[in-house]
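K.L.:
What follows is target-v2.csv; its format and atoms are CSV, C-alpha atoms and all ligand atoms.
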```
chain,number,residue,atom,x,y,z
F,1,MET,CA,68.7,30.6,148.8
F,2,GLY,CA,69.4,28.7,145.5
F,3,TYR,CA,69.3,30.1,142.0
F,4,LYS,CA,66.8,29.4,139.3
F,5,VAL,CA,68.6,28.3,136.2
F,6,ALA,CA,67.1,28.0,132.7
F,7,VAL,CA,68.9,25.9,130.1
F,8,VAL,CA,67.8,27.0,126.6
F,9,GLY,CA,68.6,24.3,124.0
F,10,ALA,CA,68.4,21.6,126.6
F,11,THR,CA,67.7,18.9,124.0
F,12,GLY,CA,70.9,19.7,122.0
F,13,ASN,CA,74.5,18.5,122.3
F,14,VAL,CA,75.6,21.4,124.5
F,15,GLY,CA,72.4,21.7,126.5
F,16,ARG,CA,72.4,18.1,127.5
F,17,GLU,CA,76.0,18.4,128.7
F,18,MET,CA,75.0,21.5,130.6
F,19,LEU,CA,72.3,19.7,132.6
F,20,GLY,CA,74.8,16.9,133.3
F,21,ILE,CA,77.5,19.3,134.5
F,22,LEU,CA,75.1,21.4,136.6
F,23,ALA,CA,74.2,18.1,138.5
F,24,GLU,CA,77.8,16.8,138.6
F,25,ARG,CA,79.2,20.0,140.1
F,26,SER,CA,76.3,20.5,142.5
F,27,PHE,CA,75.7,24.0,141.1
F,28,PRO,CA,73.7,25.9,143.7
F,29,ALA,CA,70.5,25.7,141.7
F,30,GLU,CA,67.2,25.5,143.6
F,31,GLU,CA,65.4,24.9,140.3
F,32,VAL,CA,66.4,24.0,136.8
F,33,ALA,CA,64.2,24.5,133.7
F,34,ALA,CA,64.9,22.7,130.5
F,35,LEU,CA,63.8,24.7,127.4
F,36,ALA,CA,63.9,24.1,123.7
F,37,SER,CA,61.9,24.7,120.6
F,38,ARG,CA,58.2,23.9,120.3
F,39,ARG,CA,59.2,20.7,118.5
F,40,SER,CA,60.5,19.3,121.8
F,41,GLN,CA,57.8,20.5,124.1
F,42,GLY,CA,56.8,17.7,126.5
F,43,THR,CA,59.8,15.5,125.8
F,44,GLU,CA,62.0,14.5,128.7
F,45,CYS,CA,65.7,15.1,129.5
F,46,THR,CA,67.9,14.0,132.3
F,47,PHE,CA,69.2,16.2,135.1
F,48,GLY,CA,71.2,14.2,137.6
F,49,ASP,CA,68.9,11.4,138.8
F,50,ARG,CA,65.8,13.5,137.9
F,51,THR,CA,63.8,13.8,134.7
F,52,LEU,CA,62.8,17.2,133.5
F,53,LYS,CA,59.9,17.9,131.1
F,54,VAL,CA,61.1,20.2,128.3
F,55,LYS,CA,59.2,23.4,127.9
F,56,ALA,CA,58.9,25.7,124.8
F,57,LEU,CA,61.1,28.8,125.0
F,58,GLU,CA,58.5,31.0,123.4
F,59,HIS,CA,55.9,30.3,126.2
F,60,TYR,CA,58.3,30.5,129.1
F,61,ASP,CA,58.1,33.2,131.8
F,62,PHE,CA,61.7,34.2,132.8
F,63,ALA,CA,60.5,36.5,135.6
F,64,ASP,CA,62.0,34.2,138.4
F,65,VAL,CA,65.1,33.1,136.5
F,66,ASP,CA,68.5,34.2,137.8
F,67,ILE,CA,70.8,32.6,135.2
F,68,CYS,CA,70.0,31.5,131.7
F,69,LEU,CA,72.4,29.2,129.9
F,70,MET,CA,71.7,29.8,126.3
F,71,SER,CA,72.7,27.2,123.7
F,72,ALA,CA,70.2,27.3,120.8
F,73,GLY,CA,72.2,29.0,118.0
F,74,GLY,CA,72.9,32.6,117.0
F,75,ALA,CA,69.5,33.5,115.5
F,76,VAL,CA,67.6,32.4,118.6
F,77,SER,CA,70.1,34.1,120.9
F,78,LYS,CA,69.9,37.4,118.9
F,79,GLU,CA,66.2,37.5,119.4
F,80,TRP,CA,65.8,36.0,122.9
F,81,SER,CA,68.9,37.0,124.9
F,82,PRO,CA,68.0,40.7,125.2
F,83,ARG,CA,64.4,39.8,126.1
F,84,ILE,CA,65.5,37.3,128.8
F,85,ALA,CA,68.2,39.8,130.1
F,86,ALA,CA,65.5,42.5,130.3
F,87,LYS,CA,63.6,40.2,132.7
F,88,GLY,CA,66.7,40.4,135.1
F,89,ALA,CA,68.3,37.1,134.3
F,90,VAL,CA,72.0,37.0,133.4
F,91,VAL,CA,72.3,35.3,130.0
F,92,ILE,CA,75.5,33.2,129.4
F,93,ASP,CA,75.4,32.6,125.7
F,94,ASN,CA,77.2,29.9,123.7
F,95,SER,CA,76.5,31.2,120.2
F,96,SER,CA,78.6,33.7,118.3
F,97,ALA,CA,75.9,36.3,118.4
F,98,TRP,CA,77.4,38.5,121.2
F,99,ARG,CA,81.1,37.5,121.4
F,100,MET,CA,82.5,40.6,119.6
F,101,ASP,CA,80.0,43.1,121.2
F,102,PRO,CA,82.1,45.6,123.1
F,103,ASP,CA,79.4,45.7,125.9
F,104,VAL,CA,79.5,41.9,126.3
F,105,PRO,CA,82.4,40.2,128.2
F,106,LEU,CA,83.8,37.2,126.4
F,107,VAL,CA,85.1,34.9,129.2
F,108,VAL,CA,87.2,31.8,129.8
F,109,PRO,CA,87.5,31.8,133.6
F,110,GLU,CA,91.0,30.4,133.7
F,111,VAL,CA,92.1,33.3,131.5
F,112,ASN,CA,90.1,36.5,132.1
F,113,ALA,CA,87.7,35.8,135.0
F,114,ASP,CA,87.9,39.5,136.0
F,115,ALA,CA,86.1,40.4,132.7
F,116,VAL,CA,82.8,38.9,134.0
F,117,ALA,CA,82.3,42.1,136.1
F,118,GLY,CA,81.4,43.9,132.9
F,119,PHE,CA,78.2,41.8,132.4
F,120,ALA,CA,75.8,44.4,133.7
F,121,LYS,CA,75.8,46.6,130.6
F,122,LYS,CA,73.6,44.1,128.7
F,123,ASN,CA,73.2,41.3,131.3
F,124,ILE,CA,74.8,39.0,128.7
F,125,ILE,CA,78.1,37.1,128.9
F,126,ALA,CA,79.5,35.3,125.9
F,127,ASN,CA,81.2,32.0,125.8
F,128,PRO,CA,83.9,31.7,123.1
F,129,ASN,CA,83.9,29.3,120.2
F,130,CYS,CA,84.8,25.7,121.3
F,131,SER,CA,88.2,25.7,119.5
F,132,THR,CA,89.2,29.1,121.0
F,133,ALA,CA,88.3,28.1,124.6
F,134,GLN,CA,90.8,25.2,124.8
F,135,LEU,CA,93.4,27.2,122.9
F,136,VAL,CA,93.5,30.2,125.2
F,137,VAL,CA,93.6,27.9,128.3
F,138,ALA,CA,96.9,26.6,127.0
F,139,LEU,CA,98.2,29.9,125.7
F,140,LYS,CA,97.6,32.1,128.7
F,141,PRO,CA,100.2,30.7,131.1
F,142,LEU,CA,102.8,30.6,128.3
F,143,HIS,CA,102.0,34.2,127.4
F,144,ASP,CA,102.4,35.3,131.0
F,145,ARG,CA,105.9,33.8,131.0
F,146,ALA,CA,107.4,34.6,127.6
F,147,LYS,CA,104.9,36.9,125.8
F,148,ILE,CA,103.4,35.5,122.6
F,149,LYS,CA,104.0,37.3,119.3
F,150,ARG,CA,102.4,34.9,116.8
F,151,VAL,CA,100.4,31.7,116.8
F,152,VAL,CA,99.8,29.3,113.9
F,153,VAL,CA,97.0,26.8,114.5
F,154,ALA,CA,95.6,23.8,112.6
F,155,THR,CA,92.5,22.4,114.1
F,156,TYR,CA,91.0,18.9,113.9
F,157,GLN,CA,87.4,19.5,115.0
F,158,SER,CA,84.9,16.9,115.8
F,159,VAL,CA,81.4,16.7,114.3
F,160,SER,CA,79.7,17.4,117.6
F,161,GLY,CA,80.9,21.0,117.3
F,162,ALA,CA,78.3,21.3,114.5
F,163,GLY,CA,75.3,20.0,116.5
F,164,LYS,CA,73.4,16.8,117.0
F,165,ASP,CA,72.4,16.6,113.3
F,166,ALA,CA,76.1,16.5,112.3
F,167,MET,CA,76.8,13.6,114.6
F,168,ASP,CA,73.9,11.7,113.1
F,169,GLU,CA,75.4,12.5,109.6
F,170,LEU,CA,78.8,11.0,110.5
F,171,PHE,CA,77.0,7.9,111.9
F,172,SER,CA,74.7,7.3,109.0
F,173,GLN,CA,77.4,8.0,106.4
F,174,THR,CA,79.8,5.5,108.1
F,175,LYS,CA,77.0,2.9,108.2
F,176,ALA,CA,76.2,3.5,104.6
F,177,VAL,CA,79.8,2.9,103.6
F,178,PHE,CA,79.9,-0.5,105.3
F,179,THR,CA,76.4,-1.5,104.0
F,180,LEU,CA,77.3,-0.3,100.5
F,181,ASP,CA,74.3,2.2,100.6
F,182,GLU,CA,74.3,5.6,99.0
F,183,VAL,CA,76.3,8.1,101.2
F,184,GLN,CA,74.0,11.1,101.7
F,185,THR,CA,75.3,14.6,102.5
F,186,LYS,CA,73.1,17.3,104.2
F,187,LYS,CA,74.8,19.1,107.0
F,188,PHE,CA,78.4,19.1,105.6
F,189,SER,CA,79.4,20.3,102.1
F,190,LYS,CA,81.3,17.1,101.4
F,191,ARG,CA,81.2,13.6,102.8
F,192,ILE,CA,82.7,13.5,106.3
F,193,ALA,CA,82.9,9.7,106.9
F,194,PHE,CA,86.5,8.6,106.2
F,195,ASN,CA,87.3,12.1,105.0
F,196,VAL,CA,88.4,15.6,106.4
F,197,ILE,CA,86.9,18.9,105.3
F,198,PRO,CA,89.0,22.1,105.4
F,199,HIS,CA,86.0,24.3,105.8
F,200,ILE,CA,84.0,25.3,108.9
F,201,ASP,CA,81.3,28.1,108.8
F,202,THR,CA,81.1,30.5,105.9
F,203,PHE,CA,83.9,31.9,103.7
F,204,MET,CA,85.2,35.5,104.3
F,205,GLU,CA,86.4,37.9,101.6
F,206,ASP,CA,90.1,37.2,102.2
F,207,GLY,CA,89.7,33.4,101.7
F,208,SER,CA,89.7,32.4,105.4
F,209,THR,CA,86.6,30.9,107.0
F,210,ARG,CA,84.5,32.5,109.7
F,211,GLU,CA,85.6,29.8,112.1
F,212,GLU,CA,89.2,30.8,111.5
F,213,TRP,CA,88.4,34.5,111.9
F,214,LYS,CA,86.5,33.8,115.1
F,215,MET,CA,89.6,32.0,116.6
F,216,MET,CA,91.8,35.0,115.7
F,217,MET,CA,89.4,37.7,117.0
F,218,GLU,CA,88.3,35.9,120.1
F,219,THR,CA,91.9,35.1,121.2
F,220,LYS,CA,92.6,38.8,120.9
F,221,LYS,CA,89.6,39.8,122.9
F,222,ILE,CA,90.1,37.2,125.7
F,223,LEU,CA,93.9,37.2,125.9
F,224,ASP,CA,95.7,40.0,124.2
F,225,PRO,CA,94.9,42.2,121.2
F,226,LYS,CA,98.6,42.2,120.2
F,227,ILE,CA,98.8,38.5,119.5
F,228,LYS,CA,98.9,37.7,115.8
F,229,LEU,CA,97.1,34.4,115.0
F,230,THR,CA,96.4,32.5,111.8
F,231,ALA,CA,94.4,29.3,111.7
F,232,THR,CA,93.2,26.5,109.4
F,233,CYS,CA,90.1,24.9,110.8
F,234,VAL,CA,89.3,21.4,109.7
F,235,ARG,CA,86.4,19.1,110.4
F,236,VAL,CA,87.4,15.5,111.0
F,237,PRO,CA,85.3,12.3,111.4
F,238,VAL,CA,85.6,12.2,115.2
F,239,PHE,CA,82.4,12.4,117.3
F,240,VAL,CA,83.6,14.4,120.3
F,241,GLY,CA,86.9,16.1,121.1
F,242,HIS,CA,88.7,18.9,119.3
F,243,SER,CA,92.5,18.7,118.6
F,244,GLU,CA,94.8,21.5,117.7
F,245,ALA,CA,98.4,21.6,116.4
F,246,VAL,CA,99.7,24.8,117.7
F,247,ASN,CA,102.9,26.6,116.8
F,248,ILE,CA,103.9,29.6,118.9
F,249,GLU,CA,106.5,32.3,118.5
F,250,PHE,CA,107.4,34.2,121.7
F,251,GLU,CA,109.2,37.5,122.4
F,252,ASN,CA,111.3,36.0,125.1
F,253,PRO,CA,113.1,32.6,125.3
F,254,ILE,CA,111.3,29.6,126.7
F,255,THR,CA,112.4,26.0,126.6
F,256,ALA,CA,110.1,23.0,126.1
F,257,ASP,CA,111.0,21.9,129.7
F,258,GLU,CA,110.0,25.3,131.1
F,259,ALA,CA,106.7,25.2,129.1
F,260,ARG,CA,105.9,21.7,130.4
F,261,GLU,CA,106.5,22.9,134.0
F,262,ILE,CA,104.4,26.1,133.5
F,263,LEU,CA,101.5,24.2,131.9
F,264,ARG,CA,101.6,21.5,134.6
F,265,ALA,CA,100.9,24.2,137.2
F,266,ALA,CA,98.3,26.1,135.1
F,267,PRO,CA,94.5,26.0,135.9
F,268,GLY,CA,92.5,23.8,133.6
F,269,CYS,CA,95.6,22.3,131.9
F,270,LEU,CA,96.8,18.7,132.2
F,271,VAL,CA,100.1,17.8,130.6
F,272,ILE,CA,100.5,14.2,129.2
F,273,ASP,CA,103.7,14.4,127.3
F,274,LYS,CA,105.9,11.2,127.2
F,275,ARG,CA,108.1,10.9,124.2
F,276,GLU,CA,107.0,7.3,123.5
F,277,ASP,CA,104.2,5.4,121.8
F,278,GLY,CA,100.9,6.5,123.2
F,279,GLY,CA,102.5,9.2,125.4
F,280,TYR,CA,100.1,11.9,124.3
F,281,VAL,CA,96.3,12.5,124.4
F,282,THR,CA,93.9,11.9,121.6
F,283,PRO,CA,90.3,13.3,121.3
F,284,TYR,CA,88.7,10.0,122.2
F,285,GLU,CA,90.4,10.1,125.7
F,286,SER,CA,89.2,13.6,126.3
F,287,VAL,CA,85.5,12.8,126.1
F,288,GLY,CA,83.7,13.5,129.3
F,289,GLU,CA,86.7,15.2,130.9
F,290,ASP,CA,87.1,18.8,132.0
F,291,ALA,CA,90.8,19.3,131.3
F,292,THR,CA,92.5,20.9,128.3
F,293,TYR,CA,95.2,18.3,127.6
F,294,ILE,CA,98.6,19.3,126.3
F,295,SER,CA,101.0,16.9,124.6
F,296,ARG,CA,103.9,16.9,122.2
F,297,ILE,CA,105.6,20.0,123.7
F,298,ARG,CA,108.8,20.7,121.7
F,299,GLU,CA,111.0,23.5,120.6
F,300,ASP,CA,110.7,24.8,117.1
F,301,ALA,CA,114.2,25.6,115.8
F,302,THR,CA,112.9,27.3,112.6
F,303,VAL,CA,112.1,30.5,114.5
F,304,ASP,CA,113.6,32.4,117.5
F,305,ASN,CA,111.8,31.4,120.7
F,306,GLY,CA,109.4,28.9,119.0
F,307,LEU,CA,107.4,26.1,120.5
F,308,SER,CA,105.0,23.5,119.1
F,309,LEU,CA,102.3,21.7,121.0
F,310,TRP,CA,99.2,19.5,120.7
F,311,VAL,CA,96.1,20.6,122.5
F,312,VAL,CA,93.0,18.4,123.0
F,313,SER,CA,89.7,18.9,124.9
F,314,ASP,CA,86.1,17.8,125.0
F,315,ASN,CA,84.5,20.5,122.9
F,316,LEU,CA,81.1,20.0,124.4
F,317,ARG,CA,82.5,20.6,127.9
F,318,LYS,CA,85.4,23.1,128.1
F,319,GLY,CA,84.5,24.3,124.6
F,320,ALA,CA,80.9,25.0,125.6
F,321,ALA,CA,78.9,23.7,128.6
F,322,LEU,CA,81.6,23.5,131.3
F,323,ASN,CA,82.9,27.0,130.4
F,324,ALA,CA,79.4,28.5,130.6
F,325,ILE,CA,78.8,26.9,134.0
F,326,GLN,CA,82.2,28.1,135.3
F,327,ILE,CA,81.2,31.6,134.3
F,328,GLY,CA,78.0,31.2,136.3
F,329,GLU,CA,80.1,29.9,139.3
F,330,THR,CA,82.4,32.9,138.9
F,331,LEU,CA,79.4,35.3,139.1
F,332,ILE,CA,78.1,33.6,142.2
F,333,ASN,CA,81.5,33.2,144.0
F,334,ARG,CA,82.4,36.8,143.4
F,335,LYS,CA,78.9,37.8,144.6
F,336,LEU,CA,78.1,39.6,141.4
F,337,ILE,CA,74.6,38.3,141.3
F,338,GLN,CA,72.0,37.4,144.0
F,339,ALA,CA,69.1,35.0,143.7
F,340,LYS,CA,65.8,36.8,143.0
F,341,LYS,CA,63.0,36.5,145.6
F,342,LYS,CA,60.8,33.8,144.1
F,343,ALA,CA,57.0,34.0,143.9
F,344,ALA,CA,55.4,31.9,146.6
B,401,LIG,N1,78.8,21.9,120.0
B,401,LIG,C1,79.8,22.6,120.4
B,401,LIG,O1,81.0,22.1,120.5
B,401,LIG,C2,79.7,24.1,120.6
B,401,LIG,C3,80.7,24.8,121.2
B,401,LIG,C4,80.6,26.1,121.4
B,401,LIG,C5,79.4,26.7,121.1
B,401,LIG,N2,78.4,26.0,120.5
B,401,LIG,C6,77.1,26.7,120.2
B,401,LIG,O2,76.1,26.2,121.1
B,401,LIG,C7,74.9,26.3,120.4
B,401,LIG,C8,74.2,25.0,120.4
B,401,LIG,O3,75.0,24.0,119.8
B,401,LIG,P1,74.6,22.4,119.9
B,401,LIG,O4,75.8,21.8,119.4
B,401,LIG,O5,74.1,22.0,121.2
B,401,LIG,O6,73.4,22.4,118.8
B,401,LIG,P2,72.3,21.2,118.6
B,401,LIG,O7,72.8,19.9,119.1
B,401,LIG,O8,71.9,21.3,117.2
B,401,LIG,O9,71.1,21.7,119.5
B,401,LIG,C9,70.4,22.9,119.3
B,401,LIG,C10,69.4,23.2,120.4
B,401,LIG,O10,68.8,24.5,120.2
B,401,LIG,C11,67.4,24.3,120.3
B,401,LIG,N3,66.7,25.2,119.4
B,401,LIG,C12,66.8,25.3,118.1
B,401,LIG,N4,65.9,26.3,117.6
B,401,LIG,C13,65.2,26.7,118.7
B,401,LIG,C14,64.2,27.7,118.9
B,401,LIG,N5,63.7,28.4,117.9
B,401,LIG,N6,63.8,27.9,120.1
B,401,LIG,C15,64.3,27.3,121.2
B,401,LIG,N7,65.3,26.3,121.1
B,401,LIG,C16,65.7,26.1,119.8
B,401,LIG,C17,67.2,22.8,119.8
B,401,LIG,O11,65.9,22.4,120.3
B,401,LIG,P3,65.1,21.3,119.5
B,401,LIG,O12,65.7,20.0,119.9
B,401,LIG,O13,63.7,21.5,120.0
B,401,LIG,O14,65.2,21.6,118.0
B,401,LIG,C18,68.3,22.2,120.6
B,401,LIG,O15,68.0,22.0,121.9
B,401,LIG,C19,75.2,26.8,119.0
B,401,LIG,O16,75.0,28.2,119.0
B,401,LIG,C20,76.6,26.5,118.8
B,401,LIG,O17,77.3,27.3,117.9
B,401,LIG,C21,78.5,24.7,120.3
```
Could you quickly redo this structure as structure tokens?
P.N.:
Amino acid sequence: MGYKVAVVGATGNVGREMLGILAERSFPAEEVAALASRRSQGTECTFGDRTLKVKALEHYDFADVDICLMSAGGAVSKEWSPRIAAKGAVVIDNSSAWRMDPDVPLVVPEVNADAVAGFAKKNIIANPNCSTAQLVVALKPLHDRAKIKRVVVATYQSVSGAGKDAMDELFSQTKAVFTLDEVQTKKFSKRIAFNVIPHIDTFMEDGSTREEWKMMMETKKILDPKIKLTATCVRVPVFVGHSEAVNIEFENPITADEAREILRAAPGCLVIDKREDGGYVTPYESVGEDATYISRIREDATVDNGLSLWVVSDNLRKGAALNAIQIGETLINRKLIQAKKKAA
């Protein structure tokens, strides 16, 4: 018997990707429902070679739903995830609403798949922030070998990480620059076309941004609370694909060659690291791909046991939709959930 899956936020960047990946991976879904706000009710979205009519979340009956892939922002998730979970569906949420809740597992299957077993306390599992997901996929195998002490990250995050309106803003600003029209700014605090913005999410008291705080806290929860991490998160005028310059200090010695070999064998990682023109991956090439790409692996002689690397992934896939679906697959493969009996 197949599962009934509801995708909340199906008209958004992540939701559309979720529908695509469910079809691509032949997820064992007997039925898929596409849900969004009332604004989108009756519009259509694509699921494999089928077209689904979008339904409004607030009128939807979740009684038959087994898995709800939630991707409609933090406020919607805070209100709706507990209600959907109370109907017996496991909610896999993409927002930041539940990530730090001690009763909600925060999962990247390549890193801490065993944590899914803790889902039953609230029937909710959280997906990490997009930039954390690809980072921990690359850090985990290196941590297992040489124990990470401290990580310094600078991110180069694409506009799709801020939703479909942000992609439209990059497009319309770029067009305005070429047609000599006025450049209008709504979603971002400064112009994003032909610019970079060192500010994602709100400011915290210590001067860091919430995006930077999330990366630090989520890495600790998923990988190891002892790891010290500091980040500078930057929005760049790229449509899809997040990049990260990562500097790591280890407890134990590890060479660049060893790191390359370890990462080559690690789940979810793909090493493209030739020390020549173009011998590395850029965000453009990561679009539509599942892997976390690692390039520019080199020793950092300024600290003991230091390495630097370049990490790139499609933020809408590993950073969001793909990771959520892998969590669903983990639940099913480990027989942690069973499809409900459906009404005739
Ligand atoms: N983009 C990423 O890289 C990424 C990565 C990790 C996590 N996330 C998280 O995933 C979530 C969605 O991101 P996104 O990039 O897909 O955003 P988006 O493109 O702006 O899409 C938002 C989706 O939420 C729906 N929605 C908004 N208000 C709603 C309501 N009241 N009831 C039901 N549905 C509602 C929208 O439906 P309408 O079309 O009807 O408005 C749309 O389908 C966010 O929490 C984001 O933080 C995103």
K.L.:
What are the nearest atom pairs, with distances in Å to one decimal, for all residues of segment 63-112 of chain F that come at most 12 Å from segment 128-142 of chain F, using only C-alpha atoms, set out by chain and rising residue number as a Markdown table?
P.N.:
```
| residue | atom | partner | partner_atom | distance |
| --- | --- | --- | --- | --- |
| F:Ser71 | CA | F:Asn129 | CA | 11.9 |
| F:Gly73 | CA | F:Asn129 | CA | 11.9 |
| F:Gly74 | CA | F:Asn129 | CA | 11.9 |
| F:Ile92 | CA | F:Pro128 | CA | 10.6 |
| F:Asp93 | CA | F:Pro128 | CA | 8.9 |
| F:Asn94 | CA | F:Pro128 | CA | 7.0 |
| F:Ser95 | CA | F:Asn129 | CA | 7.6 |
| F:Ser96 | CA | F:Asn129 | CA | 7.1 |
| F:Ala97 | CA | F:Pro128 | CA | 10.4 |
| F:Trp98 | CA | F:Pro128 | CA | 9.6 |
| F:Arg99 | CA | F:Pro128 | CA | 6.7 |
| F:Met100 | CA | F:Pro128 | CA | 9.7 |
| F:Val104 | CA | F:Pro128 | CA | 11.6 |
| F:Pro105 | CA | F:Pro128 | CA | 10.0 |
| F:Leu106 | CA | F:Pro128 | CA | 6.4 |
| F:Val107 | CA | F:Pro128 | CA | 7.0 |
| F:Val108 | CA | F:Ala133 | CA | 6.5 |
| F:Pro109 | CA | F:Val137 | CA | 9.0 |
| F:Glu110 | CA | F:Val137 | CA | 6.5 |
| F:Val111 | CA | F:Lys140 | CA | 6.3 |
| F:Asn112 | CA | F:Lys140 | CA | 9.3 |
```
K.L.:
Counting all atoms listed in the file, which residue out of F:Gly163, F:Gly9, F:Gly2, F:Gly319 sits closest to Asp290 of chain F?
P.N.:
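Using all atoms listed in the file, Asp290 of chain F sits closest to F:Gly319.
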K.L.:
Kindly provide the residues of chain F that approach ligand LIG 401 (chain B) to within 8 Å, each paired with its closest atom pair and their distance in Å to one decimal, based on only C-alpha atoms and all ligand atoms, listed by chain and increasing number, as a tab-separated table.
P.N.:
```
residue	atom	partner	partner_atom	distance
F:Val8	CA	B:LIG401	N7	6.1
F:Gly9	CA	B:LIG401	O15	3.2
F:Ala10	CA	B:LIG401	O15	4.7
F:Thr11	CA	B:LIG401	O15	3.8
F:Gly12	CA	B:LIG401	O9	3.2
F:Asn13	CA	B:LIG401	O5	3.7
F:Val14	CA	B:LIG401	O5	3.7
F:Gly15	CA	B:LIG401	O5	5.6
F:Arg16	CA	B:LIG401	O5	7.6
F:Leu35	CA	B:LIG401	N7	6.7
F:Ala36	CA	B:LIG401	N7	3.7
F:Ser37	CA	B:LIG401	C15	3.6
F:Arg38	CA	B:LIG401	O13	6.0
F:Arg39	CA	B:LIG401	O13	4.8
F:Ser40	CA	B:LIG401	O13	4.3
F:Gln41	CA	B:LIG401	O13	7.3
F:Ala56	CA	B:LIG401	C15	6.7
F:Leu57	CA	B:LIG401	C15	5.2
F:Glu58	CA	B:LIG401	N6	7.0
F:Met70	CA	B:LIG401	C7	7.6
F:Ser71	CA	B:LIG401	C7	4.1
F:Ala72	CA	B:LIG401	O10	3.2
F:Gly73	CA	B:LIG401	O16	3.1
F:Gly74	CA	B:LIG401	O16	5.3
F:Val76	CA	B:LIG401	N5	5.6
F:Ser77	CA	B:LIG401	O16	7.9
F:Asp93	CA	B:LIG401	O2	7.9
F:Asn94	CA	B:LIG401	O2	4.7
F:Ser95	CA	B:LIG401	O16	3.6
F:Ser96	CA	B:LIG401	O17	6.5
F:Asn127	CA	B:LIG401	C5	7.3
F:Pro128	CA	B:LIG401	C4	6.7
F:Asn129	CA	B:LIG401	C4	4.8
F:Cys130	CA	B:LIG401	C3	4.2
F:Ser131	CA	B:LIG401	C3	7.7
F:Ser160	CA	B:LIG401	N1	5.2
F:Gly161	CA	B:LIG401	O1	3.4
F:Ala162	CA	B:LIG401	O4	5.5
F:Gly163	CA	B:LIG401	O4	3.4
F:Lys164	CA	B:LIG401	O7	3.8
F:Asp165	CA	B:LIG401	O8	6.1
F:Asn315	CA	B:LIG401	O1	4.5
F:Leu316	CA	B:LIG401	O1	4.4
F:Arg317	CA	B:LIG401	O1	7.7
F:Gly319	CA	B:LIG401	C3	5.1
F:Ala320	CA	B:LIG401	C4	4.4
F:Ala321	CA	B:LIG401	C3	7.7
```
K.L.:
Please indicate the distance in Å from atom CA of Asn323 of chain F to atom CA of Gly42 of chain F, rounded to one decimal place.
P.N.:
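Between atom CA of Asn323 of chain F and atom CA of Gly42 of chain F the gap is 28.0 Å.
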K.L.:
Need to verify the contact set: Glu249 of chain F, 7 Å, only C-alpha atoms, exclusion of same-chain residues closer than 2 positions in sequence. Can you return it as a PyMOL selection string?
P.N.:
chain F and resi 148-151+247+305-307
K.L.:
What does the distance from atom CA of Gly279 of chain F to atom CA of Ile294 of chain F come to in Å, to one decimal?
P.N.:
10.9 Å
K.L.:
Output, as AutoDock Vina command-line options, the centre and edge lengths in Å (one decimal) of the axis-aligned box that contains all listed atoms of segment 123-133 of chain F with 3 Å of margin on each side.
P.N.:
```
--center_x 81.2 --center_y 33.5 --center_z 125.4 --size_x 22.0 --size_y 21.6 --size_z 17.8
```
K.L.:
Residues around (83.2, 33.6, 139.1), cut-off 9 Å, counting only C-alpha atoms - what are they as JSON, numbers by chain?
P.N.:
{"F": [109, 113, 114, 116, 326, 327, 328, 329, 330, 331, 332, 333, 334, 335, 336]}
K.L.:
What separation in Å, quoted to one decimal, exists between atom CA of Asp61 of chain F and atom CA of Glu44 of chain F?
P.N.:
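Taking atom CA of Asp61 of chain F and atom CA of Glu44 of chain F, their separation equals 19.4 Å.
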K.L.:
If we count only C-alpha atoms, what is near Leu19 of chain F at a cut-off of 10 Å, once residues fewer than 2 positions away on the same chain are taken out, given as an MDAnalysis selection string?
P.N.:
chainID F and resid 6:7 10:11 14:17 21:24 32:34 45:48 52 69 321 325
K.L.:
Nearest to Ala324 of chain F: which of F:Phe178, F:Ile125, F:Thr292, F:Thr219 is it, counting only C-alpha atoms?
P.N.:
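Of the candidates, the smallest distance to Ala324 of chain F is held by F:Ile125.
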K.L.:
Under the rule that only C-alpha atoms are counted, which of F:Ala120, F:Leu263, F:Ala115, F:Val54 is the nearest residue to Ala89 of chain F?
P.N.:
F:Ala120
K.L.:
For Asp273 of chain F, which residue out of F:Glu261, F:Glu30, F:Glu244, F:Asp201 is the nearest one, using all atoms listed in the file?
P.N.:
F:Glu261
K.L.:
Just the residues within 7 Å of His199 of chain F, please, counting all atoms listed in the file, with nothing from its chain fewer than 2 positions along; format it as a list in words.
P.N.:
Ile197, Asp201, Thr209, Cys233, Val234 and Arg235 of chain F
K.L.:
Store the residues picked out above, limited to C-alpha atoms, as a PDB file, in the coordinates of the input.
P.N.:
```
ATOM      1  CA  ILE F 197      86.900  18.900 105.300  1.00  0.00           C
ATOM      2  CA  ASP F 201      81.300  28.100 108.800  1.00  0.00           C
ATOM      3  CA  THR F 209      86.600  30.900 107.000  1.00  0.00           C
ATOM      4  CA  CYS F 233      90.100  24.900 110.800  1.00  0.00           C
ATOM      5  CA  VAL F 234      89.300  21.400 109.700  1.00  0.00           C
ATOM      6  CA  ARG F 235      86.400  19.100 110.400  1.00  0.00           C
TER       7      ARG F 235
END
```
